[in-house]
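Asks: Have a look at the structure that comes next, please.
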Amino acid sequence: MVKSLYTGVSGMKAHQQRMDVIGNNVANVNTVGYKTDVVTFKDSFYQTKRSPSGATSTLGGVNPRMVGYGVQVNAVEANMSQSGYTSSDKVEDLAINGNGFFQVMDGSGNIYYTRQGNFHFDDYGYLVNADGYHVLGVNGNSEGQQPGTEIIRAVIPDTNANTSSATKMVNGTNVTLSVTAPSNYTDMTVSFVDSTYPFASFSDSILTIFFNRDEQYNSQQDFEDAIALALKAGGVSLPDEVQLNFSFESVPNDTEALTAHNEVSGMRFSTTTASTQFHVSYNDDGTIPAANGTVAKHAYVGFSVEDPTNKDTVKINYTAGNAPADSNAAKAEYTAGTNGNPGTWTITVYDDTVSADITNAIKAHLKENSEAPELKVTGFVMPSGSNRAKVLSAIGGQPAQDLIGVVDSSDGAFELEAMVEGEYANNYKVTFSYVGGYDKTNAAWDENNLNIIICDNTTIADVNEAIKAAARGVEKKILKFNQISGLEYGDGYDGTYATRDANGNVTGVPTKDAADVWNPGARSAFFGDYPAVRPAEGKDSFYTETAKKLGTFALENGRTGSEQSWGNVTDFTIQADGRIIAKHAIHGYIEIGRIDLATFDNNNGLQKVGGTMFKETVASGPVKLNVPGTEGAGEVVSGALEMSNVDLADEFTNMITTQRGYQANSRVITVSDTMIEELLSLKR
């Protein structure tokens, strides 16, 4: 009976231990990576009451008679079966799909193994668990590396200094805009806007450059000078005092601009009259200026006839003083030519002669001489006062002049060039018109059309001066005429038109034939028809063509060199093979390590040390290191944690059976006690 007491006690103790294990399992029902412990019992030692014997010829064999002394715990083993996953938004939360354990190392260098994968990177870039233990594997780039036990730490290479830049295809070549020095603050947008005057603005990392696209840029330096000028005009200082510069991937051999020009000849025109003029330039005091002297004022007398083929001669006689009181204030007389020679009109004028006097004198003569060709006064401009006699004397001193008419001339011509090289001059049109009289040469711009007024005394120099004045300082609007047929008279011309001497030779324009020197009728016929010319064949330089196509450049990657840490990583992933891939804004994707797994021949031989960690034992066998997904090791699952494999249904069932076992063993003790009590009561 005493033995049964101890047998019951052993049963209660065994079931108590089992209940302890069950309680621990239930307590860890939500512990990540926890493995359920399973308790098994075994019977204890036995007392032999009778030894067994073999059979004889007379008796059979006898079995042994043995009395047991209770129960004891046989083993407490972990159930290493894999449980399910709980999802997580955290990349460092890891689970193992298959066999294997994560390796972690404490501060003393002891290595433990666990299925609990709630890891994180600390401030120094170490991958650690919740207790600060380092996760082990291969550090850095794992390509070609055997699985290992290195502490995994994210090491990010330092960044080199770099200038911000942008490259785009412009005008058939790659154009790069960059800053001159590394800076963290020059990742910006640079826009180029057409403007007559340079300027710049900078706000919210947007730099706007206003510059003249029509200027002829002949080099990369010209571009940079234009930018510097715009920045200075806008008062813009770029961060870190850097400057902008251009570079071109390929530049054609011919980069120069070509000057626009035009040569026009064979412009036909005709006149219906023949005309001539007596012209004198004079100073304010009435004196006649020397050849090529400054023209102060002009005086003239003009005549014409209807027949443009008429080659008669006109001569002016001047008689000092006023006309006699008993006669007209002018006289006109025509002498017919002989032997095919032209006739001659002789006009006598006085100090008080006016245009009407000459007209009346011609009419009076025509009444008396019906064979004389009609002569008309086309202009009579004379000064008044004391200068009048001096001017009339100068005009009267001129030789007789031919009435010159031009029919179907092909001598109209222009030779024009732009003073500034570039294509834009091709957009200009130059139109001529005629205004009779003197000192009326003028030029004016109407958008892209240049209107030039030609008068009776206009020269090429007059035209070019008028164009220069009209340009108002805009260089690209300054054009130059090297030739306008009919405006050139040769050196020493005093303003008169061509004349013939007594021998029939042309005088007044020594270098030209009479037909090349246009009288007012010819000028009116030609320029009055609004002839026009356009400069052509101009070409912008390669750099100017590029400037016209510049748009917006988004400069990026500007930085100064600096040390980098885990905090500079913008994103990272952990792959199924355990490799940790980090994304860096500058370096791109970097492998910073690989988490290797440990496997054992006997997982149940591992020793639990708490914290869901196991320790290698002689029973487990030596550790084997594996790359995840190879040699029987499972794969790493990122963003998930392995749940506890505690099955509450099993645990509650085991709890019931354990309770009943404990209760039954207590009854053994109670009954044994009662039996002892009965035994003791026999003496009473």
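Labels for the structure tokens follow display order: chains A, B, ..., residues from 1 in each chain, ligands from 1.
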Show which residues sit within 10 Å of Val280 in chain A, as a count of residues only. Count only C-alpha atoms, and ignore same-chain residues fewer than 2 positions away.
Replies: 20
Asks: Mind running range 504-587 of chain A against range 629-632 of chain A at 12 Å and telling me each contacting residue's nearest atom pair with the distance in Å (one decimal), counting only C-alpha atoms, chain and number ascending, as a Markdown table?
Replies:
| residue | atom | partner | partner_atom | distance |
| --- | --- | --- | --- | --- |
| A:Gln575 | CA | A:Gly629 | CA | 10.8 |
| A:Ala576 | CA | A:Gly629 | CA | 7.4 |
| A:Asp577 | CA | A:Gly629 | CA | 6.0 |
| A:Gly578 | CA | A:Gly629 | CA | 8.8 |
| A:Arg579 | CA | A:Gly629 | CA | 11.5 |
Asks: Excluding Ala582 in chain A and any residue of its chain fewer than 5 positions from it, enumerate the residues within 9 Å of it, using only C-alpha atoms, and give them as a PyMOL selection string.
Replies: chain A and resi 154+569-574+588-592
Asks: Go through range 619-665 of chain A and flag each residue having an atom no more than 10 Å from range 132-145 of chain A; for those, report the closest pair of atoms plus their distance in Å to one decimal, using only C-alpha atoms, ordered by chain and rising number, as a Markdown table.
Replies:
| residue | atom | partner | partner_atom | distance |
| --- | --- | --- | --- | --- |
| A:Leu625 | CA | A:Gly137 | CA | 9.0 |
| A:Asn626 | CA | A:Gly137 | CA | 9.4 |
| A:Val627 | CA | A:Gly137 | CA | 8.8 |
Asks: Could you take the residues named above and write them with C-alpha atoms, as a CSV table (one decimal), in the first residue's frame?
Replies:
chain,number,residue,atom,x,y,z
A,625,LEU,CA,24.8,26.7,-43.8
A,626,ASN,CA,22.8,27.1,-46.9
A,627,VAL,CA,21.8,29.8,-49.4
Asks: Excluding Gly558 in chain A and any residue of its chain fewer than 4 positions from it, enumerate the residues within 10 Å of it, using only C-alpha atoms, and give them as an MDAnalysis selection string.
Replies: chainID A and resid 161:165 178:179 181:188
Asks: Keeping C-alpha atoms, export the residues of the selection given above as a PDB file, in the first residue's frame.
Replies:
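Written file, out03.pdb:
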ATOM      1  CA  ALA A 161      30.888  65.299 -56.345  1.00  0.00           C
ATOM      2  CA  ASN A 162      28.912  65.807 -59.560  1.00  0.00           C
ATOM      3  CA  THR A 163      27.664  68.742 -61.565  1.00  0.00           C
ATOM      4  CA  SER A 164      24.003  68.944 -62.494  1.00  0.00           C
ATOM      5  CA  SER A 165      23.384  68.714 -66.215  1.00  0.00           C
ATOM      6  CA  SER A 178      25.663  71.945 -67.097  1.00  0.00           C
ATOM      7  CA  VAL A 179      26.957  73.878 -64.121  1.00  0.00           C
ATOM      8  CA  ALA A 181      30.999  73.139 -60.154  1.00  0.00           C
ATOM      9  CA  PRO A 182      29.353  70.464 -57.973  1.00  0.00           C
ATOM     10  CA  SER A 183      26.410  71.692 -55.966  1.00  0.00           C
ATOM     11  CA  ASN A 184      23.504  70.246 -54.028  1.00  0.00           C
ATOM     12  CA  TYR A 185      21.275  73.129 -55.055  1.00  0.00           C
ATOM     13  CA  THR A 186      21.496  73.339 -58.831  1.00  0.00           C
ATOM     14  CA  ASP A 187      19.037  70.636 -59.849  1.00  0.00           C
ATOM     15  CA  MET A 188      16.814  73.116 -61.639  1.00  0.00           C
TER      16      MET A 188
END
Asks: Considering only C-alpha atoms, state which residue in the set A:Gly521, A:Thr353, A:Thr309, A:Leu94 is at the smallest distance from Ala323 in chain A.
Replies: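 For Ala323 in chain A, the nearest of the candidates is A:Thr353.
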Asks: With DSSP run on the backbone, what are the alpha helix (DSSP H) residues within range 394-638 of chain A? I'd like them as JSON, numbers by chain.
Replies: {"A": [394, 395, 396, 460, 461, 462, 463, 464, 465, 466, 467, 468, 469, 470, 471, 520, 521, 522, 523, 524, 525, 526, 527, 542, 543, 544, 545, 546, 547, 548, 549]}
Asks: Dump C-alpha atoms for the selected residues as a JSON list (two decimals), in the first residue's frame?
Replies:
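Result file follows (out-v6.json):
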[["chain", "number", "residue", "atom", "x", "y", "z"],
["A", 394, "ALA", "CA", 25.32, 129.72, -112.08],
["A", 395, "ILE", "CA", 22.46, 128.03, -113.93],
["A", 396, "GLY", "CA", 22.80, 130.33, -116.92],
["A", 460, "ILE", "CA", 23.54, 105.59, -103.11],
["A", 461, "ALA", "CA", 25.10, 107.31, -100.11],
["A", 462, "ASP", "CA", 21.77, 109.06, -99.47],
["A", 463, "VAL", "CA", 19.93, 105.72, -99.58],
["A", 464, "ASN", "CA", 22.36, 104.03, -97.18],
["A", 465, "GLU", "CA", 22.24, 106.95, -94.75],
["A", 466, "ALA", "CA", 18.42, 106.88, -94.81],
["A", 467, "ILE", "CA", 18.45, 103.11, -94.11],
["A", 468, "LYS", "CA", 20.85, 103.59, -91.21],
["A", 469, "ALA", "CA", 18.61, 106.28, -89.73],
["A", 470, "ALA", "CA", 15.53, 104.08, -90.13],
["A", 471, "ALA", "CA", 17.23, 101.17, -88.35],
["A", 520, "PRO", "CA", 13.63, 112.82, -113.57],
["A", 521, "GLY", "CA", 11.29, 111.28, -116.11],
["A", 522, "ALA", "CA", 13.29, 108.06, -116.12],
["A", 523, "ARG", "CA", 13.43, 107.99, -112.31],
["A", 524, "SER", "CA", 9.71, 108.56, -112.07],
["A", 525, "ALA", "CA", 8.98, 105.78, -114.54],
["A", 526, "PHE", "CA", 11.26, 103.30, -112.84],
["A", 527, "PHE", "CA", 10.88, 104.01, -109.11],
["A", 542, "PHE", "CA", 25.42, 76.75, -86.56],
["A", 543, "TYR", "CA", 25.32, 78.15, -83.04],
["A", 544, "THR", "CA", 22.61, 80.70, -83.89],
["A", 545, "GLU", "CA", 20.45, 78.00, -85.46],
["A", 546, "THR", "CA", 20.93, 76.07, -82.23],
["A", 547, "ALA", "CA", 20.03, 79.13, -80.15],
["A", 548, "LYS", "CA", 16.73, 79.52, -82.01],
["A", 549, "LYS", "CA", 15.77, 75.95, -81.07]]
Asks: Using Å and a single decimal, report how far CA of Leu597 in chain A sits from CA of Pro622 in chain A.
Replies: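 Atom-to-atom, CA of Pro622 in chain A to CA of Leu597 in chain A, that is 13.5 Å.
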Asks: Which residue, A:Ser638, A:Ser203, A:Asn110, A:Gln220, has the smallest gap to Ser237 in chain A when you use only C-alpha atoms?
Replies: A:Ser203
Asks: Ala418 in chain A: which residues within 10 Å, counting only C-alpha atoms, same-chain residues fewer than 6 positions away excluded, as JSON, numbers by chain?
Replies: {"A": [258, 259, 260, 261, 262, 424, 425, 426, 428, 475, 476, 477, 478, 479, 480, 481, 535, 536, 538]}
Asks: For the selection just defined, write its residues with N, CA and C atoms to a file, as a compact mmCIF listing (two decimals), in the first residue's frame.
Replies:
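Ended up saving to result-v9.txt:
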# COMPACT_ATOMS: atom_id res chain seq x y z
N LEU A 258 26.41 83.25 -93.17
CA LEU A 258 26.59 83.86 -94.48
C LEU A 258 25.76 85.13 -94.57
N THR A 259 26.30 86.11 -95.27
CA THR A 259 25.61 87.39 -95.39
C THR A 259 24.55 87.31 -96.49
N ALA A 260 23.37 87.79 -96.19
CA ALA A 260 22.32 87.87 -97.20
C ALA A 260 22.65 88.99 -98.17
N HIS A 261 22.37 88.78 -99.45
CA HIS A 261 22.62 89.80 -100.46
C HIS A 261 21.67 89.56 -101.63
N ASN A 262 21.69 90.45 -102.59
CA ASN A 262 20.87 90.28 -103.78
C ASN A 262 21.44 91.11 -104.90
N TYR A 424 18.09 85.79 -90.94
CA TYR A 424 16.89 86.61 -90.74
C TYR A 424 16.73 87.68 -91.80
N ALA A 425 17.84 88.14 -92.46
CA ALA A 425 17.73 89.18 -93.47
C ALA A 425 16.90 88.71 -94.67
N ASN A 426 16.76 87.40 -94.85
CA ASN A 426 15.95 86.91 -95.95
C ASN A 426 14.48 87.24 -95.76
N TYR A 428 13.34 90.16 -95.14
CA TYR A 428 13.12 91.56 -95.43
C TYR A 428 12.75 91.76 -96.90
N GLU A 475 20.98 96.66 -85.44
CA GLU A 475 22.02 96.37 -86.41
C GLU A 475 21.53 95.49 -87.55
N LYS A 476 20.66 94.53 -87.24
CA LYS A 476 20.22 93.62 -88.29
C LYS A 476 19.31 94.30 -89.31
N LYS A 477 18.87 95.52 -89.04
CA LYS A 477 18.04 96.26 -90.01
C LYS A 477 18.85 97.23 -90.84
N ILE A 478 20.16 97.19 -90.69
CA ILE A 478 21.02 98.05 -91.50
C ILE A 478 21.44 97.26 -92.74
N LEU A 479 20.92 97.67 -93.89
CA LEU A 479 21.26 97.07 -95.17
C LEU A 479 22.13 98.03 -95.95
N LYS A 480 22.85 97.52 -96.94
CA LYS A 480 23.74 98.37 -97.73
C LYS A 480 23.51 98.11 -99.21
N PHE A 481 23.26 99.22 -99.95
CA PHE A 481 23.18 99.14 -101.40
C PHE A 481 24.55 99.50 -101.98
N PRO A 535 16.79 90.60 -99.91
CA PRO A 535 18.09 89.96 -99.69
C PRO A 535 17.89 88.44 -99.65
N ALA A 536 18.84 87.70 -100.12
CA ALA A 536 18.70 86.25 -100.18
C ALA A 536 20.03 85.58 -99.86
N GLY A 538 21.19 84.36 -97.26
CA GLY A 538 21.79 84.52 -95.93
C GLY A 538 21.62 83.24 -95.13
Asks: CA of Glu423 in chain A and CA of Leu450 in chain A are how many Å apart?
Replies: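 These two atoms are separated by 16.9 Å.
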Asks: Which residues, written as number ranges by chain, have at least one atom at most 12 Å from range 56-69 of chain A, with only C-alpha atoms counted and residues fewer than 3 positions away on the same chain left out?
Replies: A: 1-11, 42-53, 72
Asks: What does the file look like for those residues with N, CA, C and O atoms, as an mmCIF file, in the first residue's frame?
Replies:
data_model
loop_
_atom_site.group_PDB
_atom_site.id
_atom_site.type_symbol
_atom_site.label_atom_id
_atom_site.label_comp_id
_atom_site.auth_asym_id
_atom_site.auth_seq_id
_atom_site.Cartn_x
_atom_site.Cartn_y
_atom_site.Cartn_z
ATOM 1 N N MET A 1 0.829 -1.213 0.000
ATOM 2 C CA MET A 1 0.000 0.000 0.000
ATOM 3 C C MET A 1 0.857 1.254 0.000
ATOM 4 O O MET A 1 0.513 2.262 -0.614
ATOM 5 N N VAL A 2 1.979 1.139 0.661
ATOM 6 C CA VAL A 2 2.865 2.310 0.692
ATOM 7 C C VAL A 2 3.421 2.574 -0.705
ATOM 8 O O VAL A 2 3.565 3.714 -1.144
ATOM 9 N N LYS A 3 3.690 1.504 -1.453
ATOM 10 C CA LYS A 3 4.219 1.667 -2.803
ATOM 11 C C LYS A 3 3.215 2.378 -3.696
ATOM 12 O O LYS A 3 3.564 3.191 -4.555
ATOM 13 N N SER A 4 1.942 2.065 -3.523
ATOM 14 C CA SER A 4 0.922 2.693 -4.367
ATOM 15 C C SER A 4 0.855 4.195 -4.111
ATOM 16 O O SER A 4 0.520 4.977 -5.012
ATOM 17 N N LEU A 5 1.161 4.581 -2.843
ATOM 18 C CA LEU A 5 1.187 6.022 -2.561
ATOM 19 C C LEU A 5 2.233 6.701 -3.443
ATOM 20 O O LEU A 5 1.975 7.738 -4.069
ATOM 21 N N TYR A 6 3.401 6.139 -3.511
ATOM 22 C CA TYR A 6 4.479 6.752 -4.310
ATOM 23 C C TYR A 6 4.224 6.633 -5.803
ATOM 24 O O TYR A 6 4.620 7.488 -6.599
ATOM 25 N N THR A 7 3.523 5.596 -6.178
ATOM 26 C CA THR A 7 3.150 5.463 -7.589
ATOM 27 C C THR A 7 2.196 6.577 -7.986
ATOM 28 O O THR A 7 2.315 7.193 -9.054
ATOM 29 N N GLY A 8 1.215 6.851 -7.129
ATOM 30 C CA GLY A 8 0.277 7.953 -7.402
ATOM 31 C C GLY A 8 0.989 9.284 -7.456
ATOM 32 O O GLY A 8 0.674 10.153 -8.280
ATOM 33 N N VAL A 9 1.946 9.427 -6.526
ATOM 34 C CA VAL A 9 2.708 10.692 -6.525
ATOM 35 C C VAL A 9 3.455 10.862 -7.837
ATOM 36 O O VAL A 9 3.492 11.940 -8.438
ATOM 37 N N SER A 10 4.079 9.797 -8.343
ATOM 38 C CA SER A 10 4.824 9.903 -9.607
ATOM 39 C C SER A 10 3.883 10.264 -10.752
ATOM 40 O O SER A 10 4.229 11.031 -11.659
ATOM 41 N N GLY A 11 2.676 9.685 -10.694
ATOM 42 C CA GLY A 11 1.706 10.021 -11.748
ATOM 43 C C GLY A 11 1.306 11.482 -11.696
ATOM 44 O O GLY A 11 1.173 12.151 -12.736
ATOM 45 N N LYS A 42 6.832 7.686 -19.820
ATOM 46 C CA LYS A 42 7.299 6.297 -19.832
ATOM 47 C C LYS A 42 7.121 5.726 -18.420
ATOM 48 O O LYS A 42 7.161 6.463 -17.428
ATOM 49 N N ASP A 43 6.884 4.385 -18.378
ATOM 50 C CA ASP A 43 6.726 3.778 -17.045
ATOM 51 C C ASP A 43 8.077 3.720 -16.343
ATOM 52 O O ASP A 43 9.127 3.722 -16.989
ATOM 53 N N SER A 44 8.006 3.656 -15.014
ATOM 54 C CA SER A 44 9.217 3.734 -14.211
ATOM 55 C C SER A 44 9.810 2.321 -14.007
ATOM 56 O O SER A 44 9.405 1.368 -14.682
ATOM 57 N N PHE A 45 10.669 2.137 -13.000
ATOM 58 C CA PHE A 45 11.319 0.845 -12.777
ATOM 59 C C PHE A 45 10.331 -0.124 -12.105
ATOM 60 O O PHE A 45 9.301 0.297 -11.599
ATOM 61 N N TYR A 46 10.703 -1.423 -12.093
ATOM 62 C CA TYR A 46 9.828 -2.491 -11.583
ATOM 63 C C TYR A 46 10.571 -3.329 -10.515
ATOM 64 O O TYR A 46 11.797 -3.444 -10.566
ATOM 65 N N GLN A 47 9.750 -3.885 -9.556
ATOM 66 C CA GLN A 47 10.254 -4.859 -8.571
ATOM 67 C C GLN A 47 9.767 -6.252 -8.996
ATOM 68 O O GLN A 47 8.579 -6.454 -9.233
ATOM 69 N N THR A 48 10.756 -7.176 -9.126
ATOM 70 C CA THR A 48 10.402 -8.531 -9.573
ATOM 71 C C THR A 48 9.968 -9.359 -8.358
ATOM 72 O O THR A 48 10.753 -9.562 -7.422
ATOM 73 N N LYS A 49 8.758 -9.827 -8.356
ATOM 74 C CA LYS A 49 8.226 -10.668 -7.277
ATOM 75 C C LYS A 49 8.524 -12.148 -7.547
ATOM 76 O O LYS A 49 8.674 -12.937 -6.623
ATOM 77 N N ARG A 50 8.586 -12.504 -8.770
ATOM 78 C CA ARG A 50 8.911 -13.871 -9.129
ATOM 79 C C ARG A 50 9.620 -13.845 -10.465
ATOM 80 O O ARG A 50 9.164 -13.196 -11.414
ATOM 81 N N SER A 51 10.709 -14.577 -10.459
ATOM 82 C CA SER A 51 11.477 -14.613 -11.692
ATOM 83 C C SER A 51 10.837 -15.582 -12.666
ATOM 84 O O SER A 51 10.205 -16.570 -12.265
ATOM 85 N N PRO A 52 11.013 -15.401 -13.878
ATOM 86 C CA PRO A 52 10.431 -16.348 -14.848
ATOM 87 C C PRO A 52 11.251 -17.645 -14.896
ATOM 88 O O PRO A 52 12.430 -17.657 -14.554
ATOM 89 N N SER A 53 10.587 -18.758 -15.271
ATOM 90 C CA SER A 53 11.283 -20.039 -15.417
ATOM 91 C C SER A 53 10.806 -20.711 -16.694
ATOM 92 O O SER A 53 9.691 -20.482 -17.151
ATOM 93 N N GLN A 72 7.117 8.364 -15.301
ATOM 94 C CA GLN A 72 7.984 9.540 -15.366
ATOM 95 C C GLN A 72 7.949 10.112 -16.791
ATOM 96 O O GLN A 72 7.535 9.442 -17.737
#
